[in-house]
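coords22.pdb (PDB, C-alpha atoms) appears below.
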```pdb
ATOM      1  CA  MET A   1     -16.656  52.314   5.182
ATOM      2  CA  ASN A   2     -17.954  48.800   5.735
ATOM      3  CA  LEU A   3     -21.002  47.261   7.371
ATOM      4  CA  ILE A   4     -20.760  43.916   9.161
ATOM      5  CA  VAL A   5     -23.812  41.958  10.262
ATOM      6  CA  ALA A   6     -25.408  38.549  10.775
ATOM      7  CA  ALA A   7     -28.975  38.465   9.454
ATOM      8  CA  ASP A   8     -31.659  35.852   8.942
ATOM      9  CA  LYS A   9     -33.454  35.300   5.642
ATOM     10  CA  HIS A  10     -35.778  38.243   6.346
ATOM     11  CA  TRP A  11     -32.811  40.483   7.303
ATOM     12  CA  ALA A  12     -33.655  40.274  11.012
ATOM     13  CA  ILE A  13     -30.639  40.945  13.248
ATOM     14  CA  GLY A  14     -31.798  40.924  16.842
ATOM     15  CA  ASN A  15     -34.483  40.405  19.427
ATOM     16  CA  LYS A  16     -34.808  42.091  22.808
ATOM     17  CA  GLY A  17     -31.278  43.486  22.647
ATOM     18  CA  GLN A  18     -29.557  40.223  21.742
ATOM     19  CA  LEU A  19     -28.216  38.607  18.580
ATOM     20  CA  LEU A  20     -30.526  36.005  17.070
ATOM     21  CA  VAL A  21     -27.971  33.188  17.179
ATOM     22  CA  SER A  22     -24.323  32.611  18.001
ATOM     23  CA  ILE A  23     -22.419  30.819  15.237
ATOM     24  CA  PRO A  24     -18.734  30.190  16.031
ATOM     25  CA  ALA A  25     -17.586  30.624  12.398
ATOM     26  CA  ASP A  26     -19.427  33.961  12.235
ATOM     27  CA  GLN A  27     -17.754  35.121  15.451
ATOM     28  CA  LYS A  28     -14.371  34.049  14.027
ATOM     29  CA  MET A  29     -14.989  35.920  10.769
ATOM     30  CA  PHE A  30     -16.060  39.037  12.724
ATOM     31  CA  ARG A  31     -12.934  38.842  14.879
ATOM     32  CA  GLU A  32     -10.589  38.339  11.911
ATOM     33  CA  GLU A  33     -12.242  41.063   9.835
ATOM     34  CA  THR A  34     -12.312  43.733  12.571
ATOM     35  CA  LEU A  35      -9.208  43.096  14.708
ATOM     36  CA  GLY A  36      -7.026  46.193  14.645
ATOM     37  CA  LYS A  37      -9.793  48.192  12.943
ATOM     38  CA  VAL A  38     -12.474  50.710  13.970
ATOM     39  CA  LEU A  39     -15.939  49.592  15.111
ATOM     40  CA  VAL A  40     -18.884  51.990  15.060
ATOM     41  CA  MET A  41     -21.907  51.004  17.128
ATOM     42  CA  GLY A  42     -24.768  52.291  19.183
ATOM     43  CA  ARG A  43     -24.877  52.277  22.967
ATOM     44  CA  LYS A  44     -27.288  49.320  23.132
ATOM     45  CA  THR A  45     -25.034  47.231  20.881
ATOM     46  CA  LEU A  46     -22.019  48.042  23.062
ATOM     47  CA  GLU A  47     -23.948  47.119  26.195
ATOM     48  CA  SER A  48     -24.905  43.760  24.636
ATOM     49  CA  LEU A  49     -21.213  42.808  24.292
ATOM     50  CA  PRO A  50     -19.493  40.715  26.998
ATOM     51  CA  GLY A  51     -19.249  42.902  30.100
ATOM     52  CA  GLY A  52     -20.780  45.795  28.153
ATOM     53  CA  GLN A  53     -17.241  46.805  27.201
ATOM     54  CA  PRO A  54     -15.464  47.516  23.893
ATOM     55  CA  LEU A  55     -13.960  44.489  22.178
ATOM     56  CA  TYR A  56     -10.224  43.938  22.605
ATOM     57  CA  GLY A  57      -7.892  45.145  19.863
ATOM     58  CA  ARG A  58     -10.298  47.531  18.155
ATOM     59  CA  THR A  59     -10.978  51.253  18.296
ATOM     60  CA  THR A  60     -14.622  51.591  19.339
ATOM     61  CA  ILE A  61     -16.778  54.592  18.536
ATOM     62  CA  VAL A  62     -20.162  54.604  20.265
ATOM     63  CA  LEU A  63     -23.060  56.762  19.173
ATOM     64  CA  SER A  64     -25.383  57.771  22.033
ATOM     65  CA  ARG A  65     -27.953  60.541  22.403
ATOM     66  CA  ASP A  66     -27.138  60.664  26.142
ATOM     67  CA  LYS A  67     -24.680  63.566  26.498
ATOM     68  CA  SER A  68     -23.459  62.235  29.872
ATOM     69  CA  TYR A  69     -22.784  58.694  28.587
ATOM     70  CA  SER A  70     -19.182  57.536  28.746
ATOM     71  CA  VAL A  71     -17.480  54.170  28.676
ATOM     72  CA  LYS A  72     -13.878  53.296  29.364
ATOM     73  CA  GLY A  73     -11.934  52.416  26.226
ATOM     74  CA  ALA A  74     -14.383  53.931  23.723
ATOM     75  CA  VAL A  75     -14.898  57.267  22.017
ATOM     76  CA  VAL A  76     -18.479  58.437  22.570
ATOM     77  CA  VAL A  77     -20.134  60.718  20.018
ATOM     78  CA  HIS A  78     -23.643  62.137  20.077
ATOM     79  CA  SER A  79     -24.649  62.696  16.450
ATOM     80  CA  LEU A  80     -24.024  61.356  12.965
ATOM     81  CA  GLU A  81     -22.100  64.537  12.144
ATOM     82  CA  GLU A  82     -19.870  64.135  15.193
ATOM     83  CA  ALA A  83     -19.291  60.463  14.324
ATOM     84  CA  LEU A  84     -18.340  61.271  10.722
ATOM     85  CA  LYS A  85     -15.934  63.968  11.941
ATOM     86  CA  GLU A  86     -14.294  61.479  14.344
ATOM     87  CA  LEU A  87     -14.055  58.851  11.588
ATOM     88  CA  GLU A  88     -12.045  61.222   9.375
ATOM     89  CA  LYS A  89      -9.045  60.235  11.543
ATOM     90  CA  TYR A  90      -9.076  56.662  10.181
ATOM     91  CA  PRO A  91      -8.654  54.996   6.774
ATOM     92  CA  THR A  92     -12.162  54.463   5.398
ATOM     93  CA  ASP A  93     -11.480  50.766   4.612
ATOM     94  CA  ASP A  94     -10.657  50.168   8.306
ATOM     95  CA  ILE A  95     -14.086  51.304   9.540
ATOM     96  CA  TYR A  96     -16.804  48.715  10.276
ATOM     97  CA  VAL A  97     -20.333  49.704  11.270
ATOM     98  CA  ALA A  98     -21.515  46.991  13.662
ATOM     99  CA  GLY A  99     -25.065  47.905  14.667
ATOM    100  CA  GLY A 100     -27.764  48.099  15.771
ATOM    101  CA  GLN A 101     -30.617  48.849  13.407
ATOM    102  CA  GLU A 102     -30.629  52.659  13.795
ATOM    103  CA  ILE A 103     -26.844  52.857  13.386
ATOM    104  CA  TYR A 104     -26.917  50.671  10.263
ATOM    105  CA  GLU A 105     -29.662  52.848   8.756
ATOM    106  CA  LEU A 106     -27.765  56.073   9.593
ATOM    107  CA  PHE A 107     -24.456  54.912   8.110
ATOM    108  CA  LEU A 108     -25.727  52.912   5.102
ATOM    109  CA  PRO A 109     -25.408  55.905   2.708
ATOM    110  CA  TYR A 110     -21.733  56.339   3.708
ATOM    111  CA  CYS A 111     -20.717  52.690   3.330
ATOM    112  CA  HIS A 112     -19.429  50.932   0.223
ATOM    113  CA  ARG A 113     -19.139  47.311   1.336
ATOM    114  CA  ALA A 114     -21.248  45.019   3.525
ATOM    115  CA  TYR A 115     -20.128  41.729   5.055
ATOM    116  CA  VAL A 116     -23.248  39.704   5.770
ATOM    117  CA  THR A 117     -23.524  36.331   7.458
ATOM    118  CA  TRP A 118     -26.811  35.290   5.840
ATOM    119  CA  ILE A 119     -28.673  32.683   7.906
ATOM    120  CA  ASP A 120     -31.250  30.524   6.122
ATOM    121  CA  TYR A 121     -33.741  30.611   8.963
ATOM    122  CA  GLU A 122     -36.521  32.880  10.214
ATOM    123  CA  TYR A 123     -36.260  34.107  13.806
ATOM    124  CA  ASP A 124     -38.604  36.083  16.043
ATOM    125  CA  ALA A 125     -37.036  39.521  15.876
ATOM    126  CA  ASP A 126     -37.573  43.182  16.635
ATOM    127  CA  THR A 127     -34.595  44.704  14.796
ATOM    128  CA  TYR A 128     -33.653  44.486  11.142
ATOM    129  CA  PHE A 129     -30.903  45.311   8.678
ATOM    130  CA  PRO A 130     -31.833  46.968   5.367
ATOM    131  CA  ASN A 131     -32.532  44.323   2.702
ATOM    132  CA  LEU A 132     -29.600  44.779   0.317
ATOM    133  CA  ASP A 133     -31.069  42.277  -2.164
ATOM    134  CA  GLN A 134     -33.939  44.727  -2.758
ATOM    135  CA  ASP A 135     -31.785  47.872  -2.709
ATOM    136  CA  GLY A 136     -30.858  48.880  -6.263
ATOM    137  CA  GLU A 137     -27.691  50.634  -5.039
ATOM    138  CA  TRP A 138     -26.151  47.374  -3.777
ATOM    139  CA  GLU A 139     -25.083  44.179  -5.502
ATOM    140  CA  LEU A 140     -23.949  40.794  -4.249
ATOM    141  CA  LYS A 141     -20.275  40.444  -5.249
ATOM    142  CA  ALA A 142     -19.201  37.271  -3.422
ATOM    143  CA  GLU A 143     -20.660  34.439  -1.390
ATOM    144  CA  SER A 144     -19.221  31.404   0.305
ATOM    145  CA  ASP A 145     -20.415  27.869  -0.112
ATOM    146  CA  GLU A 146     -23.279  26.982   2.206
ATOM    147  CA  GLN A 147     -22.056  26.177   5.712
ATOM    148  CA  THR A 148     -23.823  24.379   8.523
ATOM    149  CA  TYR A 149     -23.800  24.737  12.278
ATOM    150  CA  PHE A 150     -25.790  21.839  13.715
ATOM    151  CA  ASN A 151     -28.986  22.041  11.600
ATOM    152  CA  LEU A 152     -28.552  25.722  10.691
ATOM    153  CA  CYS A 153     -27.485  26.660   7.152
ATOM    154  CA  TYR A 154     -25.709  29.949   6.491
ATOM    155  CA  GLU A 155     -23.288  31.595   4.109
ATOM    156  CA  PHE A 156     -20.931  34.534   4.118
ATOM    157  CA  ARG A 157     -21.833  37.224   1.593
ATOM    158  CA  MET A 158     -20.122  40.403   0.487
ATOM    159  CA  TYR A 159     -22.196  43.171  -1.042
ATOM    160  CA  GLN A 160     -20.764  46.233  -2.725
ATOM    161  CA  LYS A 161     -22.395  49.552  -3.501
ATOM    162  CA  LYS A 162     -22.707  50.088  -7.236
ATOM    163  CA  LEU A 163     -20.668  52.938  -8.662
ATOM    164  CA  GLN A 164     -22.750  56.022  -9.308
ATOM    165  CA  ILE A 165     -21.918  57.572 -12.680
ATOM    166  CA  ASN A 166     -22.812  61.218 -13.056
ATOM    167  CA  LYS A 167     -24.200  62.117 -16.471
TER
END
```

Please go through the file and, once you have read it, give me the structure as structure tokens.
Amino acid sequence: MNLIVAADKHWAIGNKGQLLVSIPADQKMFREETLGKVLVMGRKTLESLPGGQPLYGRTTIVLSRDKSYSVKGAVVVHSLEEALKELEKYPTDDIYVAGGQEIYELFLPYCHRAYVTWIDYEYDADTYFPNLDQDGEWELKAESDEQTYFNLCYEFRMYQKKLQINK
């Protein structure tokens, strides 16, 4: 499974239910990476999308504690166990966890790759992604050259979970 996120230099990802910034190249990368794949997200993340609806061309699995919650065009599950059972139907490399904070934290142990748009800026934020640079289980495997959007510098990074060797 994969994680996909845009985070500032302190790993902040959102504020008051919204992304911190909209960078066209990040949106393009997200679209290209996830089109035809499976997105896993929480209810609040889904509701922050345009029209509060699943994105076109993707299978969307929404995790919500609300047992009566339903949304057209998405599979709604109510626990991590139920989500993992549903995800068994799909190739693991085609699954992208897309937020928010609680969902990232829940699925982090099950993921092997993280696609991070790392933004060299500090935003006011109330939600965060786990800091993979300080997590000994993860290592930075690839990064793009620095990009700019107006006066904002960012780069695309790919982290991979280190192989665990049993002794």

Point to revise | Selection near Trp11 in chain A, 9 Å with all atoms listed in the file, sequence-local residues under 3 positions removed, as a ChimeraX atom specification | key: /A:6-8,118-119,122,127-132

Exercise for review: Would you write out, as a list in words, every residue that the PyMOL selection byres ((chain A and resi 48) around 12) captures in this file?
Suggested key: Gly14, Asn15, Lys16, Gly17, Gln18, Leu19, Met41, Gly42, Arg43, Lys44, Thr45, Leu46, Glu47, Leu49, Pro50, Gly51, Gly52, Gln53, Pro54, Leu55, Ala98, Gly99 and Gly100 of chain A

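Our summary of the geometry notes that CA of Lys161 in chain A is positioned 5.6 Å from CA of Glu137 in chain A.
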
Check your understanding: Just how far from CA of Arg113 in chain A is CA of Gly136 in chain A, in Å to one decimal?
Key -> 14.1 Å

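One finds CA of Tyr104 in chain A at 17.3 Å from CA of Lys9 in chain A.
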
Exercise for review: Determine the residue membership of the PyMOL selection byres ((chain A and resi 37-39) around 9) for the file above and supply it as number ranges by chain.
Suggested key: A: 33-36, 40-41, 55, 57-62, 87, 90, 93-98

Practice item. May I have the protein, DNA and RNA residues with any atom at most 8 Å from the point (-22.5, 57.4, 8.3), counting all atoms listed in the file, written as a PyMOL selection string? Key: chain A and resi 80+83-84+106-111

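Residues with any atom within 10 Å of Trp138 in chain A, counting all atoms listed in the file and excluding same-chain neighbours fewer than 3 positions away, are His112, Arg113, Ala114, Asn131, Leu132, Asp133, Gln134, Asp135, Lys141, Tyr159, Gln160, Lys161, Lys162 and Leu163 of chain A.
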
**Study point:** Ground truth for the PyMOL selection byres ((chain A and resi 115) around 8), written as a ChimeraX atom specification
**Key:** /A:2-5,113-114,116-117,156-159
